[in-house]
Amino acid sequence: MLNFKTFLLEGAPKKELHVFDIDDTLLHTTAKIHVKDSSGKTVQTLTNQEFNDHKLQKGHSYDFGEFRSAEKFARESKPIESMINKVKEVTSRPNSHVIFNTARANFDDRHTFLNTFRKHGLPMNKIHVIRAGNIRQEGTPAGKKAKVIHGYISKHKYDHVHMYDDSTTNLRAFLELRSNHPNTQFHAHHVIGSNSSKFEN
């Protein structure tokens with residue numbers, strides 16, 4: 001027989017966090033990152049996926065100009081309908097919190113950027129967009145995105161955290177957080193094309 005305390009614990013709704021990447025997870029995007037040498041010459045151009053695992057050589061720097069253009073983002077991004085629908089579904093759940101966690105920094109026009117999602121029916125008043133590219137400390141994009149999630153779990157004590165991302169590097173960094181949060185269940189979802197599958201590490 002359940003006592004009252006056990007009933008309260010087992011009957012309480014589970015708190016969930018759903019974390020969505022943006023580029024090639026929610027939208028197919030076209031922005032590139034340019035690698036510049038010490039003279040300012042472009043020596044390499046990276047896609048979003050290539051940037052996740054890129055190691056910057058000494059004397060080189062990144063040019064994120066295309067990644068900060070809200071107009072380019074709004075004009076050229078194509079929705080991944082299955083993932084857009086997933087966002088709509090989880091935002092409608094009680095006790096479910098949704099964030100978009102992107103390696104990008106601030107866009108040059110916040111209104112245009114957010115309207116890109118609104119035109120696909122996403123309730124942006126319920127979704128917080130975290131731009132991990134604004135984190136000033138040294139680190140990889142995957143490490144910065146994991147740092148964001150660590151902060152959310154530490155603050156809100158979620159029972160379940162789901163991460164949806166096209167990058168296995170980002171998903172591995174996410175799953176490494178398990179040792180810091182033994183009371184939270186972690187669910188990694190690898191997004192490929194228009195489908196997502198459970199990712200094991």
# chains A, B, ... in the order shown; residues from 1 in each chain; ligands from 1
$ residues_around --residues "segment 92-94 of chain A" --least-positions-apart "6" --cutoff "12 Å" --atoms "only C-alpha atoms" --output "mmCIF file with C-alpha atoms, in the first residue's frame"
data_model
loop_
_atom_site.group_PDB
_atom_site.id
_atom_site.type_symbol
_atom_site.label_atom_id
_atom_site.label_comp_id
_atom_site.auth_asym_id
_atom_site.auth_seq_id
_atom_site.Cartn_x
_atom_site.Cartn_y
_atom_site.Cartn_z
ATOM 1 C CA ALA A 12 3.690 14.459 -9.147
ATOM 2 C CA PRO A 13 4.015 15.469 -12.833
ATOM 3 C CA LYS A 14 7.541 14.996 -14.167
ATOM 4 C CA LYS A 15 9.380 18.178 -15.089
ATOM 5 C CA GLU A 16 10.852 18.012 -18.589
ATOM 6 C CA LEU A 17 13.304 20.173 -20.510
ATOM 7 C CA HIS A 18 13.380 19.880 -24.308
ATOM 8 C CA ASN A 85 5.748 19.724 -35.299
ATOM 9 C CA LYS A 86 7.719 18.168 -32.448
ATOM 10 C CA LEU A 122 5.882 28.218 -33.241
ATOM 11 C CA PRO A 123 4.776 29.881 -29.973
ATOM 12 C CA LYS A 126 6.837 30.044 -24.640
ATOM 13 C CA ILE A 127 10.343 29.365 -25.987
#
$ residues_around --residues "Leu114 of chain A" --least-positions-apart "2" --cutoff "12 Å" --atoms "only C-alpha atoms" --output "VMD selection string"
chain A and resid 22 70 to 71 73 to 74 100 106 to 112 116 to 125 127 to 129
$ write_last_selection --atoms "C-alpha atoms" --output "PDB file, in the first residue's frame"
ATOM      1  CA  ILE A  22      18.392  25.309 -34.750  1.00  0.00           C
ATOM      2  CA  ALA A  70      18.705  37.772 -39.699  1.00  0.00           C
ATOM      3  CA  GLU A  71      17.606  38.688 -43.216  1.00  0.00           C
ATOM      4  CA  PHE A  73      18.255  33.457 -42.037  1.00  0.00           C
ATOM      5  CA  ALA A  74      14.644  34.482 -42.685  1.00  0.00           C
ATOM      6  CA  PHE A 100      16.415  26.592 -28.532  1.00  0.00           C
ATOM      7  CA  ASN A 106      23.271  37.495 -31.483  1.00  0.00           C
ATOM      8  CA  PHE A 107      21.619  38.264 -34.804  1.00  0.00           C
ATOM      9  CA  ASP A 108      21.636  41.766 -36.223  1.00  0.00           C
ATOM     10  CA  ASP A 109      17.817  41.941 -36.096  1.00  0.00           C
ATOM     11  CA  ARG A 110      16.089  40.090 -33.257  1.00  0.00           C
ATOM     12  CA  HIS A 111      12.556  40.742 -34.556  1.00  0.00           C
ATOM     13  CA  THR A 112      13.265  39.328 -38.024  1.00  0.00           C
ATOM     14  CA  THR A 116      11.158  33.253 -38.926  1.00  0.00           C
ATOM     15  CA  PHE A 117       9.872  30.792 -36.324  1.00  0.00           C
ATOM     16  CA  ARG A 118       6.532  32.513 -35.798  1.00  0.00           C
ATOM     17  CA  LYS A 119       5.647  32.187 -39.482  1.00  0.00           C
ATOM     18  CA  HIS A 120       5.911  28.412 -39.038  1.00  0.00           C
ATOM     19  CA  GLY A 121       3.448  28.525 -36.147  1.00  0.00           C
ATOM     20  CA  LEU A 122       5.882  28.218 -33.241  1.00  0.00           C
ATOM     21  CA  PRO A 123       4.776  29.881 -29.973  1.00  0.00           C
ATOM     22  CA  MET A 124       7.904  31.952 -29.355  1.00  0.00           C
ATOM     23  CA  ASN A 125       6.328  33.485 -26.246  1.00  0.00           C
ATOM     24  CA  ILE A 127      10.343  29.365 -25.987  1.00  0.00           C
ATOM     25  CA  HIS A 128      13.602  30.919 -24.851  1.00  0.00           C
ATOM     26  CA  VAL A 129      16.388  31.134 -27.462  1.00  0.00           C
TER      27      VAL A 129
END
$ atom_distance --atom1 "atom CA of Phe64 of chain A" --atom2 "atom CA of Ile33 of chain A"
5.4 Å
$ select_by_dssp --residues "segment 55-154 of chain A" --states "strand (DSSP E or B)" --output "PyMOL selection string"
chain A and resi 61-63+78-79+96-102+127-131
$ write_last_selection --atoms "all heavy atoms" --output "compact mmCIF listing (two decimals), in the first residue's frame"
# COMPACT_ATOMS: atom_id res chain seq x y z
N SER A 61 41.21 33.14 -37.51
CA SER A 61 40.03 33.62 -36.78
C SER A 61 38.79 33.30 -37.60
O SER A 61 38.86 33.03 -38.81
CB SER A 61 40.12 35.12 -36.51
OG SER A 61 40.18 35.84 -37.74
N TYR A 62 37.64 33.34 -36.92
CA TYR A 62 36.36 33.07 -37.59
C TYR A 62 35.68 34.38 -37.98
O TYR A 62 35.69 35.36 -37.23
CB TYR A 62 35.42 32.30 -36.67
CG TYR A 62 35.85 30.88 -36.35
CD1 TYR A 62 36.04 30.48 -35.02
CD2 TYR A 62 36.05 29.94 -37.36
CE1 TYR A 62 36.42 29.18 -34.72
CE2 TYR A 62 36.42 28.64 -37.06
CZ TYR A 62 36.61 28.26 -35.74
OH TYR A 62 36.98 26.98 -35.44
N ASP A 63 35.04 34.35 -39.14
CA ASP A 63 34.17 35.45 -39.58
C ASP A 63 32.74 34.91 -39.57
O ASP A 63 32.37 34.07 -40.39
CB ASP A 63 34.57 35.89 -40.99
CG ASP A 63 33.64 36.96 -41.56
OD1 ASP A 63 32.65 37.33 -40.88
OD2 ASP A 63 33.87 37.40 -42.70
N LYS A 78 14.81 26.77 -44.56
CA LYS A 78 13.68 25.91 -44.91
C LYS A 78 13.33 25.04 -43.71
O LYS A 78 14.20 24.40 -43.13
CB LYS A 78 14.04 25.01 -46.10
CG LYS A 78 14.52 25.76 -47.34
CD LYS A 78 13.45 26.69 -47.89
CE LYS A 78 13.94 27.40 -49.16
NZ LYS A 78 12.95 28.40 -49.63
N PRO A 79 12.05 25.01 -43.34
CA PRO A 79 11.66 24.26 -42.13
C PRO A 79 11.79 22.75 -42.31
O PRO A 79 11.54 22.21 -43.39
CB PRO A 79 10.20 24.65 -41.95
CG PRO A 79 9.71 24.96 -43.33
CD PRO A 79 10.88 25.61 -44.01
N SER A 96 6.36 21.07 -19.18
CA SER A 96 7.39 20.91 -20.19
C SER A 96 7.96 22.28 -20.56
O SER A 96 7.22 23.20 -20.88
CB SER A 96 6.81 20.23 -21.43
OG SER A 96 7.81 20.04 -22.41
N HIS A 97 9.27 22.40 -20.50
CA HIS A 97 9.96 23.66 -20.78
C HIS A 97 10.76 23.46 -22.07
O HIS A 97 11.45 22.45 -22.23
CB HIS A 97 10.88 24.00 -19.61
CG HIS A 97 11.54 25.33 -19.71
ND1 HIS A 97 12.56 25.72 -18.89
CD2 HIS A 97 11.32 26.38 -20.55
CE1 HIS A 97 12.95 26.94 -19.21
NE2 HIS A 97 12.22 27.36 -20.22
N VAL A 98 10.70 24.41 -23.00
CA VAL A 98 11.38 24.29 -24.28
C VAL A 98 12.35 25.44 -24.47
O VAL A 98 12.00 26.61 -24.26
CB VAL A 98 10.37 24.27 -25.45
CG1 VAL A 98 11.10 24.21 -26.80
CG2 VAL A 98 9.42 23.09 -25.32
N ILE A 99 13.59 25.11 -24.88
CA ILE A 99 14.55 26.14 -25.26
C ILE A 99 15.17 25.76 -26.60
O ILE A 99 15.24 24.59 -26.96
CB ILE A 99 15.67 26.35 -24.21
CG1 ILE A 99 16.55 25.10 -24.08
CG2 ILE A 99 15.10 26.76 -22.87
CD1 ILE A 99 17.79 25.32 -23.21
N PHE A 100 15.58 26.78 -27.35
CA PHE A 100 16.42 26.59 -28.53
C PHE A 100 17.84 26.95 -28.11
O PHE A 100 18.07 28.06 -27.59
CB PHE A 100 15.98 27.49 -29.68
CG PHE A 100 14.62 27.17 -30.26
CD1 PHE A 100 14.02 28.03 -31.17
CD2 PHE A 100 13.93 26.02 -29.90
CE1 PHE A 100 12.78 27.75 -31.72
CE2 PHE A 100 12.69 25.72 -30.43
CZ PHE A 100 12.10 26.59 -31.35
N ASN A 101 18.77 26.05 -28.32
CA ASN A 101 20.14 26.25 -27.87
C ASN A 101 21.05 26.20 -29.10
O ASN A 101 21.34 25.13 -29.63
CB ASN A 101 20.50 25.13 -26.88
CG ASN A 101 21.83 25.35 -26.18
OD1 ASN A 101 22.38 26.46 -26.19
ND2 ASN A 101 22.36 24.29 -25.57
N THR A 102 21.47 27.37 -29.56
CA THR A 102 22.25 27.46 -30.79
C THR A 102 23.67 27.93 -30.52
O THR A 102 23.92 28.69 -29.58
CB THR A 102 21.57 28.43 -31.80
OG1 THR A 102 22.40 28.57 -32.96
CG2 THR A 102 21.32 29.80 -31.19
N ILE A 127 9.04 29.96 -25.68
CA ILE A 127 10.34 29.37 -25.99
C ILE A 127 11.44 30.41 -25.80
O ILE A 127 11.35 31.51 -26.32
CB ILE A 127 10.37 28.84 -27.43
CG1 ILE A 127 9.29 27.76 -27.63
CG2 ILE A 127 11.75 28.29 -27.78
CD1 ILE A 127 9.05 27.40 -29.08
N HIS A 128 12.46 30.03 -25.06
CA HIS A 128 13.60 30.92 -24.85
C HIS A 128 14.73 30.49 -25.78
O HIS A 128 15.10 29.31 -25.81
CB HIS A 128 14.07 30.86 -23.39
CG HIS A 128 15.04 31.93 -23.04
ND1 HIS A 128 15.76 31.94 -21.87
CD2 HIS A 128 15.43 33.06 -23.70
CE1 HIS A 128 16.54 33.00 -21.83
NE2 HIS A 128 16.36 33.69 -22.93
N VAL A 129 15.27 31.42 -26.56
CA VAL A 129 16.39 31.13 -27.46
C VAL A 129 17.70 31.50 -26.77
O VAL A 129 17.90 32.65 -26.39
CB VAL A 129 16.26 31.91 -28.78
CG1 VAL A 129 17.43 31.57 -29.71
CG2 VAL A 129 14.94 31.59 -29.47
N ILE A 130 18.56 30.49 -26.59
CA ILE A 130 19.87 30.71 -25.97
C ILE A 130 20.92 30.72 -27.07
O ILE A 130 21.03 29.78 -27.86
CB ILE A 130 20.21 29.58 -24.97
CG1 ILE A 130 19.06 29.34 -24.00
CG2 ILE A 130 21.51 29.91 -24.22
CD1 ILE A 130 18.74 30.51 -23.11
N ARG A 131 21.71 31.78 -27.13
CA ARG A 131 22.76 31.90 -28.12
C ARG A 131 24.10 31.63 -27.44
O ARG A 131 24.74 32.53 -26.89
CB ARG A 131 22.70 33.29 -28.76
CG ARG A 131 21.44 33.52 -29.59
CD ARG A 131 21.16 34.96 -29.90
NE ARG A 131 20.88 35.75 -28.71
CZ ARG A 131 19.70 35.78 -28.09
NH1 ARG A 131 18.69 35.07 -28.53
NH2 ARG A 131 19.54 36.51 -27.01
$ closest_residue --among "A:Ser179, A:Gln137, A:Asn115, A:Thr169" --to "His150 of chain A" --atoms "only C-alpha atoms"
A:Ser179
$ select_by_dssp --residues "segment 36-102 of chain A" --states "alpha helix (DSSP H)" --output "MDAnalysis selection string"
chainID A and resid 48:52 70:76 81:91
$ atom_distance --atom1 "atom CA of Asn52 of chain A" --atom2 "atom CA of Tyr158 of chain A"
26.6 Å
$ closest_residue --among "A:Thr30, A:His60, A:Lys88, A:Glu176" --to "Gln44 of chain A" --atoms "only C-alpha atoms"
A:His60
$ closest_residue --among "A:Leu171, A:Glu50, A:Ile135, A:Leu27" --to "Val148 of chain A" --atoms "only C-alpha atoms"
A:Ile135
$ closest_residue --among "A:Ala146, A:Met163, A:Leu46, A:Val90" --to "Ala188 of chain A" --atoms "only C-alpha atoms"
A:Met163
$ decode --residues "segment 29-132 of chain A" --atoms "C-alpha atoms" --output "CSV table (one decimal), in the first residue's frame"
chain,number,residue,atom,x,y,z
A,29,THR,CA,20.1,26.9,-43.2
A,30,THR,CA,22.6,28.2,-45.6
A,31,ALA,CA,24.9,30.4,-43.6
A,32,LYS,CA,28.6,29.6,-43.7
A,33,ILE,CA,31.5,30.5,-41.3
A,34,HIS,CA,34.6,31.8,-43.0
A,35,VAL,CA,38.1,31.1,-41.6
A,36,LYS,CA,40.5,34.0,-42.0
A,37,ASP,CA,44.3,34.0,-41.7
A,38,SER,CA,46.3,36.7,-40.0
A,39,SER,CA,46.2,38.9,-43.1
A,40,GLY,CA,42.4,38.7,-43.3
A,41,LYS,CA,42.3,36.3,-46.3
A,42,THR,CA,39.6,33.6,-46.3
A,43,VAL,CA,41.4,30.3,-46.2
A,44,GLN,CA,38.4,28.0,-45.5
A,45,THR,CA,34.6,28.1,-45.5
A,46,LEU,CA,32.7,25.9,-43.1
A,47,THR,CA,29.2,24.6,-42.9
A,48,ASN,CA,27.4,24.5,-39.6
A,49,GLN,CA,28.2,20.8,-39.3
A,50,GLU,CA,31.9,21.3,-40.1
A,51,PHE,CA,32.2,24.2,-37.6
A,52,ASN,CA,31.1,21.9,-34.7
A,53,ASP,CA,34.3,19.9,-35.0
A,54,HIS,CA,36.6,22.5,-36.5
A,55,LYS,CA,39.9,23.3,-34.7
A,56,LEU,CA,41.2,26.8,-35.3
A,57,GLN,CA,44.8,27.1,-36.2
A,58,LYS,CA,47.1,29.6,-34.5
A,59,GLY,CA,46.8,33.0,-36.1
A,60,HIS,CA,43.4,32.2,-37.7
A,61,SER,CA,40.0,33.6,-36.8
A,62,TYR,CA,36.4,33.1,-37.6
A,63,ASP,CA,34.2,35.4,-39.6
A,64,PHE,CA,30.6,34.9,-38.4
A,65,GLY,CA,29.1,37.7,-40.6
A,66,GLU,CA,26.7,35.3,-42.4
A,67,PHE,CA,25.6,33.7,-39.2
A,68,ARG,CA,24.5,37.1,-37.8
A,69,SER,CA,22.4,38.1,-40.7
A,70,ALA,CA,18.7,37.8,-39.7
A,71,GLU,CA,17.6,38.7,-43.2
A,72,LYS,CA,19.6,35.8,-44.7
A,73,PHE,CA,18.3,33.5,-42.0
A,74,ALA,CA,14.6,34.5,-42.7
A,75,ARG,CA,14.9,34.4,-46.5
A,76,GLU,CA,16.8,31.2,-47.0
A,77,SER,CA,16.0,28.9,-44.1
A,78,LYS,CA,13.7,25.9,-44.9
A,79,PRO,CA,11.7,24.3,-42.1
A,80,ILE,CA,12.1,20.6,-41.2
A,81,GLU,CA,8.4,20.0,-40.7
A,82,SER,CA,8.7,16.9,-38.5
A,83,MET,CA,10.9,18.8,-36.0
A,84,ILE,CA,8.7,21.9,-36.2
A,85,ASN,CA,5.7,19.7,-35.3
A,86,LYS,CA,7.7,18.2,-32.4
A,87,VAL,CA,8.3,21.6,-30.9
A,88,LYS,CA,4.6,22.4,-31.2
A,89,GLU,CA,3.7,19.1,-29.5
A,90,VAL,CA,6.1,19.5,-26.5
A,91,THR,CA,5.3,23.1,-25.9
A,92,SER,CA,1.7,22.1,-25.4
A,93,ARG,CA,2.5,19.7,-22.6
A,94,PRO,CA,2.1,20.7,-19.0
A,95,ASN,CA,5.4,20.8,-17.0
A,96,SER,CA,7.4,20.9,-20.2
A,97,HIS,CA,10.0,23.7,-20.8
A,98,VAL,CA,11.4,24.3,-24.3
A,99,ILE,CA,14.6,26.1,-25.3
A,100,PHE,CA,16.4,26.6,-28.5
A,101,ASN,CA,20.1,26.2,-27.9
A,102,THR,CA,22.2,27.5,-30.8
A,103,ALA,CA,26.0,27.9,-31.3
A,104,ARG,CA,25.2,31.2,-33.0
A,105,ALA,CA,25.7,34.6,-31.3
A,106,ASN,CA,23.3,37.5,-31.5
A,107,PHE,CA,21.6,38.3,-34.8
A,108,ASP,CA,21.6,41.8,-36.2
A,109,ASP,CA,17.8,41.9,-36.1
A,110,ARG,CA,16.1,40.1,-33.3
A,111,HIS,CA,12.6,40.7,-34.6
A,112,THR,CA,13.3,39.3,-38.0
A,113,PHE,CA,15.0,36.3,-36.5
A,114,LEU,CA,12.1,35.4,-34.2
A,115,ASN,CA,9.5,36.0,-36.9
A,116,THR,CA,11.2,33.3,-38.9
A,117,PHE,CA,9.9,30.8,-36.3
A,118,ARG,CA,6.5,32.5,-35.8
A,119,LYS,CA,5.6,32.2,-39.5
A,120,HIS,CA,5.9,28.4,-39.0
A,121,GLY,CA,3.4,28.5,-36.1
A,122,LEU,CA,5.9,28.2,-33.2
A,123,PRO,CA,4.8,29.9,-30.0
A,124,MET,CA,7.9,32.0,-29.4
A,125,ASN,CA,6.3,33.5,-26.2
A,126,LYS,CA,6.8,30.0,-24.6
A,127,ILE,CA,10.3,29.4,-26.0
A,128,HIS,CA,13.6,30.9,-24.9
A,129,VAL,CA,16.4,31.1,-27.5
A,130,ILE,CA,19.9,30.7,-26.0
A,131,ARG,CA,22.8,31.9,-28.1
A,132,ALA,CA,25.7,29.9,-26.8
